[in-house]
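Please read the structure below before turning to the comments.
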There are 2 protein chains.
Amino acid sequence: MTKRIVLIEDDADLFALLKYNLEREGFQFTGSQTGRGAIDLCRRVRPDLILLDIMLPDSDGLDICKGIRNDAELSQTPIIFLTARASETDRIVGLELGANDYVVKPFFVRELIARIKLQFRTQSTPSRVLKAGGVELDRSSCQVKLSGENLALTATEFRLLEFLMSRPGVVFSREQLLNAVWGQDRAITDRTVDVYILRLRQKIEQDASAPRLIHSVRGFGYSFEPRNQEASALQAAS
Amino acid sequence: MTKRIVLIEDDADLFALLKYNLEREGFQFTGSQTGRGAIDLCRRVRPDLILLDIMLPDSDGLDICKGIRNDAELSQTPIIFLTARASETDRIVGLELGANDYVVKPFFVRELIARIKLQFRTQSTPSRVLKAGGVELDRSSCQVKLSGENLALTATEFRLLEFLMSRPGVVFSREQLLNAVWGQDRAITDRTVDVYILRLRQKIEQDASAPRLIHSVRGFGYSFEPRNQEASALQAAS
DNA sequence: CGGCGCGTTAACCGCCCTGTAACCTCATTC
DNA sequence: GAATGAGGTTACAGGGCGGTTAACGCGCCG
């Protein structure tokens, strides 16, 4: 699958150079030469990686980074800083702020490309199998087992469960789930999600004795979490 | 959990410098100043990360890297290359060979430390958590804990507390709180805020012994602040 | 063509969250 | 100390929200 990359860089020459090389490498390129609106751009594009210049004329790259890390949908996206600042403290700040890598200008384009591929390599390693709360989901064979027994899930049910299980304990809104499972450009009601949650629950939480795995968080959405104890803060019995 | 790090570096000065700094950072340090036996050392130590000099007198760091990647037990261990070679192709080879990062000498020790920590930072824990005064608010799971105990908040209560806690000590008017929590285009009384403040207080400040967390500032609004002592400037004046 | 499974929507129900009104308390002011 | 007003507290009605069921449409396959 072709990866989407967003570049935020005000220097026109470097922008063009990187655009050319990234597209030549087969990446889907989107870019902006201003910092303003960078986060909105990312929200629209949903990139797989963000290249971020720290020194921008109209805003601070570090702030943009913070904004991305605080955005529920974008927070997991790898960020590589590009910057002319070579001083030690600046490097540290960048890395500690949540950047995944840091390249100091001037740099070799091929090295940047290598570091980009590195991000994709390291993040794709996590196991093809998700296990939690007696549920075992195999991404390769698209099979789900419940305490050893094979479950029959439909494609949509599988994708929904896969997404929920990929970040246990994180609450997703119906909107987010629709985006992740049904795709960006859909035209369906968010109530559809409810029905799928219901079906997943019927299959996954067959035993009434079994603890609840998919949690409703009123006013927010749903989360997958095998808990020993009780309910979310938002709905725990009064 | 304390992380184990193995360093393979022939330069005695650099070896000592890194040993000192890594131990000071609380890592469990093991090292070798020769390349021979490096893989055996790793097999014995099972490090969480390997620092590897490329230019070694008795063997090639690149070969060691290959050996590690081909070892069933070690293949997943992150490797950071240390090297004096600054040429472009050398950098690329290093990264493409399976290194997770690459630091060119001379480097800042603090940057190396930062890059090491980066490797350990699991991609899933940018911890979207606010903590203050015994209250722990997790934006991801929408959970709130009070001295360890899970609290049951409603969606509106949660958003209000989240907003207040995001800027501790700042006083917000009811108008501001309505805009932030209820949205710009609402049509509700500002007294509603008072009721929610009350409900939050009942849940957060259960113990009468507990210090006040949400402060009323007469004529202005409310603020969240875990204070040891008393009152805002406006009240203290009296 | 007819049956089946999947995806989606509509509709109903019950719960509890929500927002407001009303009353009470306390501080400030003169 | 009375008047005033701001904030604390209580109770309640309405509806938003999520669970659940049923039905419809579509594509697939024999």
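By order of appearance in the structure tokens: chains A, B, ..., then residues from 1 within every chain, and ligands from 1 in the order shown.
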Least-squares superpose chain B onto chain A - every C-alpha atom, paired in order - and show me the moved coordinates as a PDB file with C-alpha atoms, in the first residue's frame.
ATOM      1  CA  MET B   1       7.788  -0.122   6.482  1.00  0.00           C
ATOM      2  CA  THR B   2      10.604   1.969   7.804  1.00  0.00           C
ATOM      3  CA  LYS B   3      10.734   5.475   6.401  1.00  0.00           C
ATOM      4  CA  ARG B   4      13.851   7.133   5.045  1.00  0.00           C
ATOM      5  CA  ILE B   5      14.573  10.694   6.081  1.00  0.00           C
ATOM      6  CA  VAL B   6      17.227  13.039   4.740  1.00  0.00           C
ATOM      7  CA  LEU B   7      18.370  15.972   6.865  1.00  0.00           C
ATOM      8  CA  ILE B   8      20.232  18.976   5.439  1.00  0.00           C
ATOM      9  CA  GLU B   9      21.457  21.082   8.370  1.00  0.00           C
ATOM     10  CA  ASP B  10      24.762  22.818   8.914  1.00  0.00           C
ATOM     11  CA  ASP B  11      24.551  23.334  12.670  1.00  0.00           C
ATOM     12  CA  ALA B  12      26.475  20.408  14.113  1.00  0.00           C
ATOM     13  CA  ASP B  13      24.662  20.322  17.440  1.00  0.00           C
ATOM     14  CA  LEU B  14      21.213  20.354  15.925  1.00  0.00           C
ATOM     15  CA  PHE B  15      22.313  17.819  13.330  1.00  0.00           C
ATOM     16  CA  ALA B  16      23.449  15.413  16.024  1.00  0.00           C
ATOM     17  CA  LEU B  17      20.367  15.994  18.132  1.00  0.00           C
ATOM     18  CA  LEU B  18      18.031  15.253  15.254  1.00  0.00           C
ATOM     19  CA  LYS B  19      20.029  12.283  14.032  1.00  0.00           C
ATOM     20  CA  TYR B  20      19.811  10.764  17.485  1.00  0.00           C
ATOM     21  CA  ASN B  21      16.114  11.377  17.879  1.00  0.00           C
ATOM     22  CA  LEU B  22      15.107  10.333  14.371  1.00  0.00           C
ATOM     23  CA  GLU B  23      16.983   7.068  14.653  1.00  0.00           C
ATOM     24  CA  ARG B  24      15.483   6.479  18.039  1.00  0.00           C
ATOM     25  CA  GLU B  25      12.069   6.845  16.429  1.00  0.00           C
ATOM     26  CA  GLY B  26      12.993   4.101  14.010  1.00  0.00           C
ATOM     27  CA  PHE B  27      13.560   6.204  10.926  1.00  0.00           C
ATOM     28  CA  GLN B  28      16.335   5.401   8.494  1.00  0.00           C
ATOM     29  CA  PHE B  29      18.511   8.481   8.740  1.00  0.00           C
ATOM     30  CA  THR B  30      20.786  10.073   6.169  1.00  0.00           C
ATOM     31  CA  GLY B  31      22.167  13.580   6.449  1.00  0.00           C
ATOM     32  CA  SER B  32      24.460  16.219   5.151  1.00  0.00           C
ATOM     33  CA  GLN B  33      25.845  19.297   6.841  1.00  0.00           C
ATOM     34  CA  THR B  34      26.291  21.143   3.577  1.00  0.00           C
ATOM     35  CA  GLY B  35      23.839  22.252   0.943  1.00  0.00           C
ATOM     36  CA  ARG B  36      26.114  21.386  -1.954  1.00  0.00           C
ATOM     37  CA  GLY B  37      25.316  17.952  -3.208  1.00  0.00           C
ATOM     38  CA  ALA B  38      22.088  17.794  -1.235  1.00  0.00           C
ATOM     39  CA  ILE B  39      19.993  17.060  -4.299  1.00  0.00           C
ATOM     40  CA  ASP B  40      22.352  14.344  -5.436  1.00  0.00           C
ATOM     41  CA  LEU B  41      22.178  12.838  -2.002  1.00  0.00           C
ATOM     42  CA  CYS B  42      18.383  12.782  -2.222  1.00  0.00           C
ATOM     43  CA  ARG B  43      18.467  11.237  -5.674  1.00  0.00           C
ATOM     44  CA  ARG B  44      20.615   8.466  -4.286  1.00  0.00           C
ATOM     45  CA  VAL B  45      18.675   7.867  -1.078  1.00  0.00           C
ATOM     46  CA  ARG B  46      15.133   8.421  -2.403  1.00  0.00           C
ATOM     47  CA  PRO B  47      13.925   9.585   0.984  1.00  0.00           C
ATOM     48  CA  ASP B  48      10.321   9.533   2.087  1.00  0.00           C
ATOM     49  CA  LEU B  49      10.786  12.956   3.622  1.00  0.00           C
ATOM     50  CA  ILE B  50      13.340  15.770   3.581  1.00  0.00           C
ATOM     51  CA  LEU B  51      14.222  18.076   6.458  1.00  0.00           C
ATOM     52  CA  LEU B  52      15.785  21.187   5.026  1.00  0.00           C
ATOM     53  CA  ASP B  53      17.494  24.084   6.731  1.00  0.00           C
ATOM     54  CA  ILE B  54      16.953  27.308   4.823  1.00  0.00           C
ATOM     55  CA  MET B  55      20.048  29.167   6.009  1.00  0.00           C
ATOM     56  CA  LEU B  56      23.024  27.203   4.808  1.00  0.00           C
ATOM     57  CA  PRO B  57      26.543  28.581   4.537  1.00  0.00           C
ATOM     58  CA  ASP B  58      27.197  27.353   1.031  1.00  0.00           C
ATOM     59  CA  SER B  59      23.813  27.519  -0.631  1.00  0.00           C
ATOM     60  CA  ASP B  60      20.203  28.553  -0.145  1.00  0.00           C
ATOM     61  CA  GLY B  61      17.711  26.019   1.156  1.00  0.00           C
ATOM     62  CA  LEU B  62      15.046  27.624  -0.968  1.00  0.00           C
ATOM     63  CA  ASP B  63      17.048  26.811  -4.092  1.00  0.00           C
ATOM     64  CA  ILE B  64      17.454  23.243  -2.979  1.00  0.00           C
ATOM     65  CA  CYS B  65      13.701  23.069  -2.479  1.00  0.00           C
ATOM     66  CA  LYS B  66      13.107  24.361  -5.978  1.00  0.00           C
ATOM     67  CA  GLY B  67      15.579  21.853  -7.324  1.00  0.00           C
ATOM     68  CA  ILE B  68      13.791  19.003  -5.605  1.00  0.00           C
ATOM     69  CA  ARG B  69      10.420  20.122  -6.863  1.00  0.00           C
ATOM     70  CA  ASN B  70      11.779  20.238 -10.396  1.00  0.00           C
ATOM     71  CA  ASP B  71      13.269  16.776 -10.224  1.00  0.00           C
ATOM     72  CA  ALA B  72      10.977  14.196 -11.738  1.00  0.00           C
ATOM     73  CA  GLU B  73      11.830  11.513  -9.220  1.00  0.00           C
ATOM     74  CA  LEU B  74      11.863  13.676  -6.143  1.00  0.00           C
ATOM     75  CA  SER B  75       9.172  16.231  -6.843  1.00  0.00           C
ATOM     76  CA  GLN B  76       6.551  14.447  -4.755  1.00  0.00           C
ATOM     77  CA  THR B  77       8.723  14.056  -1.673  1.00  0.00           C
ATOM     78  CA  PRO B  78       7.434  15.979   1.355  1.00  0.00           C
ATOM     79  CA  ILE B  79       9.759  18.736   2.561  1.00  0.00           C
ATOM     80  CA  ILE B  80       9.812  20.310   6.004  1.00  0.00           C
ATOM     81  CA  PHE B  81      11.757  23.544   6.376  1.00  0.00           C
ATOM     82  CA  LEU B  82      13.799  24.212   9.486  1.00  0.00           C
ATOM     83  CA  THR B  83      14.793  27.800   9.968  1.00  0.00           C
ATOM     84  CA  ALA B  84      15.721  30.494  12.417  1.00  0.00           C
ATOM     85  CA  ARG B  85      14.054  33.144  10.330  1.00  0.00           C
ATOM     86  CA  ALA B  86      10.888  34.087  12.103  1.00  0.00           C
ATOM     87  CA  SER B  87       9.769  36.961   9.974  1.00  0.00           C
ATOM     88  CA  GLU B  88       6.430  36.661   8.316  1.00  0.00           C
ATOM     89  CA  THR B  89       7.509  36.911   4.701  1.00  0.00           C
ATOM     90  CA  ASP B  90      10.101  34.210   5.150  1.00  0.00           C
ATOM     91  CA  ARG B  91       7.504  31.829   6.466  1.00  0.00           C
ATOM     92  CA  ILE B  92       5.203  32.529   3.588  1.00  0.00           C
ATOM     93  CA  VAL B  93       7.883  32.151   0.976  1.00  0.00           C
ATOM     94  CA  GLY B  94       8.776  28.800   2.400  1.00  0.00           C
ATOM     95  CA  LEU B  95       5.260  27.466   2.304  1.00  0.00           C
ATOM     96  CA  GLU B  96       4.448  28.914  -1.084  1.00  0.00           C
ATOM     97  CA  LEU B  97       7.590  27.526  -2.559  1.00  0.00           C
ATOM     98  CA  GLY B  98       6.360  24.024  -2.107  1.00  0.00           C
ATOM     99  CA  ALA B  99       7.376  23.097   1.386  1.00  0.00           C
ATOM    100  CA  ASN B 100       4.889  20.821   3.111  1.00  0.00           C
ATOM    101  CA  ASP B 101       5.552  22.259   6.521  1.00  0.00           C
ATOM    102  CA  TYR B 102       7.701  24.805   8.242  1.00  0.00           C
ATOM    103  CA  VAL B 103       9.212  24.703  11.709  1.00  0.00           C
ATOM    104  CA  VAL B 104      10.804  27.748  13.282  1.00  0.00           C
ATOM    105  CA  LYS B 105      13.871  27.340  15.494  1.00  0.00           C
ATOM    106  CA  PRO B 106      14.029  26.868  18.300  1.00  0.00           C
ATOM    107  CA  PHE B 107      11.492  24.065  18.225  1.00  0.00           C
ATOM    108  CA  PHE B 108      10.611  21.068  20.334  1.00  0.00           C
ATOM    109  CA  VAL B 109      11.997  17.860  18.917  1.00  0.00           C
ATOM    110  CA  ARG B 110       8.803  16.044  19.792  1.00  0.00           C
ATOM    111  CA  GLU B 111       6.788  18.516  17.809  1.00  0.00           C
ATOM    112  CA  LEU B 112       9.019  18.038  14.798  1.00  0.00           C
ATOM    113  CA  ILE B 113       8.608  14.280  15.128  1.00  0.00           C
ATOM    114  CA  ALA B 114       4.865  14.741  15.340  1.00  0.00           C
ATOM    115  CA  ARG B 115       4.875  16.877  12.206  1.00  0.00           C
ATOM    116  CA  ILE B 116       6.995  14.290  10.402  1.00  0.00           C
ATOM    117  CA  LYS B 117       4.554  11.553  11.309  1.00  0.00           C
ATOM    118  CA  LEU B 118       1.757  13.805  10.173  1.00  0.00           C
ATOM    119  CA  GLN B 119       3.275  13.859   6.714  1.00  0.00           C
ATOM    120  CA  PHE B 120       3.357  10.081   6.660  1.00  0.00           C
ATOM    121  CA  ARG B 121      -0.106   9.624   7.972  1.00  0.00           C
ATOM    122  CA  THR B 122      -1.901   8.819   4.780  1.00  0.00           C
ATOM    123  CA  GLN B 123      -4.994  10.855   4.500  1.00  0.00           C
ATOM    124  CA  SER B 124      -7.034   7.699   4.256  1.00  0.00           C
ATOM    125  CA  THR B 125      -6.173   5.915   7.448  1.00  0.00           C
ATOM    126  CA  PRO B 126      -7.660   7.429  10.555  1.00  0.00           C
ATOM    127  CA  SER B 127      -8.401   3.731  11.114  1.00  0.00           C
ATOM    128  CA  ARG B 128     -11.821   3.558  12.606  1.00  0.00           C
ATOM    129  CA  VAL B 129     -11.048   0.222  14.173  1.00  0.00           C
ATOM    130  CA  LEU B 130     -11.845  -1.226  17.571  1.00  0.00           C
ATOM    131  CA  LYS B 131      -9.643  -4.051  18.772  1.00  0.00           C
ATOM    132  CA  ALA B 132      -9.929  -6.114  21.909  1.00  0.00           C
ATOM    133  CA  GLY B 133      -9.627  -9.721  22.928  1.00  0.00           C
ATOM    134  CA  GLY B 134      -8.895 -11.013  19.459  1.00  0.00           C
ATOM    135  CA  VAL B 135     -11.891  -9.234  18.008  1.00  0.00           C
ATOM    136  CA  GLU B 136     -11.290  -6.573  15.406  1.00  0.00           C
ATOM    137  CA  LEU B 137     -14.169  -4.317  14.400  1.00  0.00           C
ATOM    138  CA  ASP B 138     -13.790  -1.934  11.471  1.00  0.00           C
ATOM    139  CA  ARG B 139     -16.361   0.828  11.398  1.00  0.00           C
ATOM    140  CA  SER B 140     -15.469   1.861   7.839  1.00  0.00           C
ATOM    141  CA  SER B 141     -15.869  -1.444   6.132  1.00  0.00           C
ATOM    142  CA  CYS B 142     -18.395  -2.792   8.643  1.00  0.00           C
ATOM    143  CA  GLN B 143     -16.274  -5.887   9.004  1.00  0.00           C
ATOM    144  CA  VAL B 144     -15.494  -7.917  12.080  1.00  0.00           C
ATOM    145  CA  LYS B 145     -12.584 -10.277  12.351  1.00  0.00           C
ATOM    146  CA  LEU B 146     -12.036 -12.898  14.997  1.00  0.00           C
ATOM    147  CA  SER B 147      -8.361 -13.774  15.267  1.00  0.00           C
ATOM    148  CA  GLY B 148      -7.940 -12.900  11.611  1.00  0.00           C
ATOM    149  CA  GLU B 149     -10.973 -14.770  10.346  1.00  0.00           C
ATOM    150  CA  ASN B 150     -13.823 -12.783   8.864  1.00  0.00           C
ATOM    151  CA  LEU B 151     -17.079 -13.024  10.783  1.00  0.00           C
ATOM    152  CA  ALA B 152     -20.575 -12.789   9.369  1.00  0.00           C
ATOM    153  CA  LEU B 153     -22.626 -10.434  11.500  1.00  0.00           C
ATOM    154  CA  THR B 154     -25.979  -8.889  10.724  1.00  0.00           C
ATOM    155  CA  ALA B 155     -26.453  -5.137  10.889  1.00  0.00           C
ATOM    156  CA  THR B 156     -28.027  -5.190  14.339  1.00  0.00           C
ATOM    157  CA  GLU B 157     -25.438  -7.569  15.704  1.00  0.00           C
ATOM    158  CA  PHE B 158     -22.735  -5.311  14.323  1.00  0.00           C
ATOM    159  CA  ARG B 159     -24.144  -2.160  15.901  1.00  0.00           C
ATOM    160  CA  LEU B 160     -24.619  -3.884  19.228  1.00  0.00           C
ATOM    161  CA  LEU B 161     -21.071  -5.195  19.267  1.00  0.00           C
ATOM    162  CA  GLU B 162     -19.745  -1.831  18.139  1.00  0.00           C
ATOM    163  CA  PHE B 163     -21.504  -0.101  20.999  1.00  0.00           C
ATOM    164  CA  LEU B 164     -20.329  -2.587  23.592  1.00  0.00           C
ATOM    165  CA  MET B 165     -16.754  -2.553  22.323  1.00  0.00           C
ATOM    166  CA  SER B 166     -16.640   1.218  22.223  1.00  0.00           C
ATOM    167  CA  ARG B 167     -16.693   1.253  26.032  1.00  0.00           C
ATOM    168  CA  PRO B 168     -14.994  -1.916  27.202  1.00  0.00           C
ATOM    169  CA  GLY B 169     -15.777  -2.945  30.740  1.00  0.00           C
ATOM    170  CA  VAL B 170     -18.787  -0.690  31.069  1.00  0.00           C
ATOM    171  CA  VAL B 171     -22.020  -2.419  31.991  1.00  0.00           C
ATOM    172  CA  PHE B 172     -25.068  -1.311  30.018  1.00  0.00           C
ATOM    173  CA  SER B 173     -28.661  -2.027  30.917  1.00  0.00           C
ATOM    174  CA  ARG B 174     -30.963  -3.500  28.317  1.00  0.00           C
ATOM    175  CA  GLU B 175     -32.704  -0.147  28.258  1.00  0.00           C
ATOM    176  CA  GLN B 176     -29.479   1.650  27.410  1.00  0.00           C
ATOM    177  CA  LEU B 177     -28.612  -0.860  24.722  1.00  0.00           C
ATOM    178  CA  LEU B 178     -32.042  -0.523  23.162  1.00  0.00           C
ATOM    179  CA  ASN B 179     -31.678   3.244  23.087  1.00  0.00           C
ATOM    180  CA  ALA B 180     -28.199   3.098  21.612  1.00  0.00           C
ATOM    181  CA  VAL B 181     -28.648   0.364  19.058  1.00  0.00           C
ATOM    182  CA  TRP B 182     -32.342   0.298  18.229  1.00  0.00           C
ATOM    183  CA  GLY B 183     -33.005   4.025  18.659  1.00  0.00           C
ATOM    184  CA  GLN B 184     -35.034   6.040  21.074  1.00  0.00           C
ATOM    185  CA  ASP B 185     -38.449   5.521  19.559  1.00  0.00           C
ATOM    186  CA  ARG B 186     -38.742   1.824  19.322  1.00  0.00           C
ATOM    187  CA  ALA B 187     -41.385  -0.541  20.576  1.00  0.00           C
ATOM    188  CA  ILE B 188     -39.716  -3.815  21.310  1.00  0.00           C
ATOM    189  CA  THR B 189     -39.192  -6.049  24.290  1.00  0.00           C
ATOM    190  CA  ASP B 190     -35.956  -5.819  26.209  1.00  0.00           C
ATOM    191  CA  ARG B 191     -35.660  -9.570  25.965  1.00  0.00           C
ATOM    192  CA  THR B 192     -34.709  -8.975  22.350  1.00  0.00           C
ATOM    193  CA  VAL B 193     -31.349  -7.811  23.649  1.00  0.00           C
ATOM    194  CA  ASP B 194     -30.789 -11.200  25.253  1.00  0.00           C
ATOM    195  CA  VAL B 195     -31.303 -12.950  21.964  1.00  0.00           C
ATOM    196  CA  TYR B 196     -28.802 -10.720  20.219  1.00  0.00           C
ATOM    197  CA  ILE B 197     -26.281 -11.177  22.986  1.00  0.00           C
ATOM    198  CA  LEU B 198     -26.691 -14.884  22.503  1.00  0.00           C
ATOM    199  CA  ARG B 199     -26.173 -14.625  18.761  1.00  0.00           C
ATOM    200  CA  LEU B 200     -23.076 -12.483  19.252  1.00  0.00           C
ATOM    201  CA  ARG B 201     -21.675 -14.944  21.755  1.00  0.00           C
ATOM    202  CA  GLN B 202     -22.216 -17.849  19.403  1.00  0.00           C
ATOM    203  CA  LYS B 203     -20.217 -16.058  16.746  1.00  0.00           C
ATOM    204  CA  ILE B 204     -17.565 -14.380  18.861  1.00  0.00           C
ATOM    205  CA  GLU B 205     -16.935 -17.027  21.465  1.00  0.00           C
ATOM    206  CA  GLN B 206     -17.009 -19.964  19.094  1.00  0.00           C
ATOM    207  CA  ASP B 207     -14.290 -21.869  20.833  1.00  0.00           C
ATOM    208  CA  ALA B 208     -15.400 -23.101  24.186  1.00  0.00           C
ATOM    209  CA  SER B 209     -11.768 -22.699  25.106  1.00  0.00           C
ATOM    210  CA  ALA B 210     -11.910 -19.004  24.278  1.00  0.00           C
ATOM    211  CA  PRO B 211     -12.426 -16.720  27.233  1.00  0.00           C
ATOM    212  CA  ARG B 212     -15.764 -15.044  27.651  1.00  0.00           C
ATOM    213  CA  LEU B 213     -15.937 -11.617  26.024  1.00  0.00           C
ATOM    214  CA  ILE B 214     -19.506 -10.522  26.646  1.00  0.00           C
ATOM    215  CA  HIS B 215     -20.349 -10.673  30.319  1.00  0.00           C
ATOM    216  CA  SER B 216     -23.777 -10.863  31.903  1.00  0.00           C
ATOM    217  CA  VAL B 217     -24.134  -8.856  35.071  1.00  0.00           C
ATOM    218  CA  ARG B 218     -27.193 -10.184  36.763  1.00  0.00           C
ATOM    219  CA  GLY B 219     -29.740  -7.532  37.521  1.00  0.00           C
ATOM    220  CA  PHE B 220     -27.841  -4.875  35.568  1.00  0.00           C
ATOM    221  CA  GLY B 221     -27.083  -5.802  32.005  1.00  0.00           C
ATOM    222  CA  TYR B 222     -24.170  -6.679  29.771  1.00  0.00           C
ATOM    223  CA  SER B 223     -20.612  -5.548  29.182  1.00  0.00           C
ATOM    224  CA  PHE B 224     -17.822  -6.299  26.744  1.00  0.00           C
ATOM    225  CA  GLU B 225     -14.467  -6.980  28.300  1.00  0.00           C
ATOM    226  CA  PRO B 226     -11.593  -9.234  27.340  1.00  0.00           C
ATOM    227  CA  ARG B 227     -10.444 -10.418  30.764  1.00  0.00           C
ATOM    228  CA  ASN B 228      -7.726 -12.837  31.562  1.00  0.00           C
ATOM    229  CA  GLN B 229      -9.341 -13.809  34.758  1.00  0.00           C
ATOM    230  CA  GLU B 230     -12.709 -13.965  36.290  1.00  0.00           C
ATOM    231  CA  ALA B 231     -15.919 -12.317  36.964  1.00  0.00           C
ATOM    232  CA  SER B 232     -17.101  -8.875  37.838  1.00  0.00           C
ATOM    233  CA  ALA B 233     -17.010  -7.491  41.347  1.00  0.00           C
ATOM    234  CA  LEU B 234     -20.635  -8.381  41.772  1.00  0.00           C
ATOM    235  CA  GLN B 235     -20.039 -12.002  41.005  1.00  0.00           C
ATOM    236  CA  ALA B 236     -16.613 -12.267  42.564  1.00  0.00           C
ATOM    237  CA  ALA B 237     -18.085 -11.298  45.916  1.00  0.00           C
ATOM    238  CA  SER B 238     -19.881 -14.617  46.234  1.00  0.00           C
TER     239      SER B 238
END
>> If you run DSSP on the backbone here, which positions in region 10-227 of chain B get strand (DSSP E)? Please write them as a PyMOL selection string.
In response: chain B and resi 28-32+49-53+79-83+101-104+129-132+135-138+143-146+149-151+214-217+221-224
Given the selection you just returned, output its residues as a file containing C-alpha atoms, formatted as a compact mmCIF listing (two decimals), in the first residue's frame.
# COMPACT_ATOMS: atom_id res chain seq x y z
CA GLN B 28 22.04 -1.53 32.91
CA PHE B 29 25.30 -1.33 31.00
CA THR B 30 27.36 -4.07 29.40
CA GLY B 31 30.10 -3.45 26.88
CA SER B 32 32.92 -4.79 24.83
CA LEU B 49 19.19 -2.12 22.76
CA ILE B 50 22.60 -2.37 21.10
CA LEU B 51 25.00 0.48 20.41
CA LEU B 52 27.34 -0.61 17.66
CA ASP B 53 30.45 1.03 16.29
CA ILE B 79 20.45 -1.30 16.99
CA ILE B 80 21.96 2.18 16.87
CA PHE B 81 25.10 2.61 14.80
CA LEU B 82 27.89 4.86 16.00
CA THR B 83 30.38 5.82 13.35
CA ASP B 101 19.15 4.63 13.99
CA TYR B 102 22.50 6.04 13.08
CA VAL B 103 24.59 8.61 14.91
CA VAL B 104 27.62 10.21 13.32
CA VAL B 129 -2.86 12.04 30.75
CA LEU B 130 -3.37 15.03 32.99
CA LYS B 131 -2.34 14.65 36.60
CA ALA B 132 -2.72 17.07 39.46
CA VAL B 135 -6.66 13.49 40.14
CA GLU B 136 -5.62 11.58 37.06
CA LEU B 137 -7.44 12.24 33.80
CA ASP B 138 -6.80 10.04 30.78
CA GLN B 143 -11.20 7.73 32.55
CA VAL B 144 -10.65 9.74 35.69
CA LYS B 145 -9.01 8.37 38.78
CA LEU B 146 -9.01 9.93 42.21
CA GLU B 149 -9.94 4.89 42.50
CA ASN B 150 -11.96 5.05 39.32
CA LEU B 151 -14.47 7.88 39.18
CA ILE B 214 -11.88 23.67 41.97
CA HIS B 215 -11.83 27.25 43.16
CA SER B 216 -14.55 29.84 42.81
CA VAL B 217 -13.29 33.32 42.08
CA GLY B 221 -15.32 32.35 37.36
CA TYR B 222 -13.65 29.08 38.25
CA SER B 223 -10.18 27.57 38.18
CA PHE B 224 -8.61 24.19 38.85
> How many Å separate C1' of DA10 (chain C) from C1' of DG25 (chain D)?
Replying inline: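 If I compute the distance from C1' of DA10 (chain C) to C1' of DG25 (chain D), I get 13.6 Å.
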> as a list of chain:residue names, which residues of region 177-223 of chain A does DSSP assign to helix (DSSP H, G or I)?
Replying inline: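 Those residues are A:Leu177, A:Leu178, A:Asn179, A:Ala180, A:Val181, A:Trp182, A:Arg191, A:Thr192, A:Val193, A:Asp194, A:Val195, A:Tyr196, A:Ile197, A:Leu198, A:Arg199, A:Leu200, A:Arg201, A:Gln202, A:Lys203, A:Ile204.
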Give me, as a PDB file with N, CA and C atoms (P, O5', C5', C4', C3', O3' and C1' of nucleotides), in the first residue's frame, all polymer residues having an atom no more than 12 Å from DG15 (chain D), counting only C-alpha atoms (C1' of nucleotides) and skipping those fewer than 5 positions away in the same chain.
ATOM      1  P    DC C  15     -35.443   1.337  32.604  1.00  0.00           P
ATOM      2  O5'  DC C  15     -34.043   2.054  32.793  1.00  0.00           O
ATOM      3  C5'  DC C  15     -32.910   1.568  32.076  1.00  0.00           C
ATOM      4  C4'  DC C  15     -31.967   2.711  31.782  1.00  0.00           C
ATOM      5  C3'  DC C  15     -31.692   3.614  32.984  1.00  0.00           C
ATOM      6  O3'  DC C  15     -30.291   3.810  33.052  1.00  0.00           O
ATOM      7  C1'  DC C  15     -32.306   4.909  31.121  1.00  0.00           C
ATOM      8  P    DC C  16     -29.611   3.939  34.484  1.00  0.00           P
ATOM      9  O5'  DC C  16     -28.819   5.309  34.319  1.00  0.00           O
ATOM     10  C5'  DC C  16     -28.129   5.580  33.100  1.00  0.00           C
ATOM     11  C4'  DC C  16     -28.170   7.068  32.804  1.00  0.00           C
ATOM     12  C3'  DC C  16     -28.013   7.948  34.042  1.00  0.00           C
ATOM     13  O3'  DC C  16     -27.288   9.101  33.674  1.00  0.00           O
ATOM     14  C1'  DC C  16     -29.899   8.579  32.906  1.00  0.00           C
ATOM     15  P    DC C  17     -25.805   9.338  34.183  1.00  0.00           P
ATOM     16  O5'  DC C  17     -25.265  10.393  33.118  1.00  0.00           O
ATOM     17  C5'  DC C  17     -25.457  10.142  31.743  1.00  0.00           C
ATOM     18  C4'  DC C  17     -26.019  11.364  31.042  1.00  0.00           C
ATOM     19  C3'  DC C  17     -25.457  12.692  31.530  1.00  0.00           C
ATOM     20  O3'  DC C  17     -25.052  13.439  30.391  1.00  0.00           O
ATOM     21  C1'  DC C  17     -27.830  12.761  31.528  1.00  0.00           C
ATOM     22  P    DT C  18     -24.325  14.795  30.520  1.00  0.00           P
ATOM     23  O5'  DT C  18     -25.550  15.796  30.411  1.00  0.00           O
ATOM     24  C5'  DT C  18     -26.346  15.782  29.233  1.00  0.00           C
ATOM     25  C4'  DT C  18     -27.443  16.809  29.363  1.00  0.00           C
ATOM     26  C3'  DT C  18     -26.975  18.173  29.867  1.00  0.00           C
ATOM     27  O3'  DT C  18     -27.264  19.130  28.884  1.00  0.00           O
ATOM     28  C1'  DT C  18     -28.947  17.447  30.999  1.00  0.00           C
ATOM     29  P    DG C  19     -26.547  20.538  28.877  1.00  0.00           P
ATOM     30  O5'  DG C  19     -27.700  21.518  29.376  1.00  0.00           O
ATOM     31  C5'  DG C  19     -28.932  21.509  28.688  1.00  0.00           C
ATOM     32  C4'  DG C  19     -30.002  22.149  29.548  1.00  0.00           C
ATOM     33  C3'  DG C  19     -29.596  23.502  30.152  1.00  0.00           C
ATOM     34  O3'  DG C  19     -30.636  24.415  29.888  1.00  0.00           O
ATOM     35  C1'  DG C  19     -30.407  22.048  31.842  1.00  0.00           C
TER      36       DG C  19
END
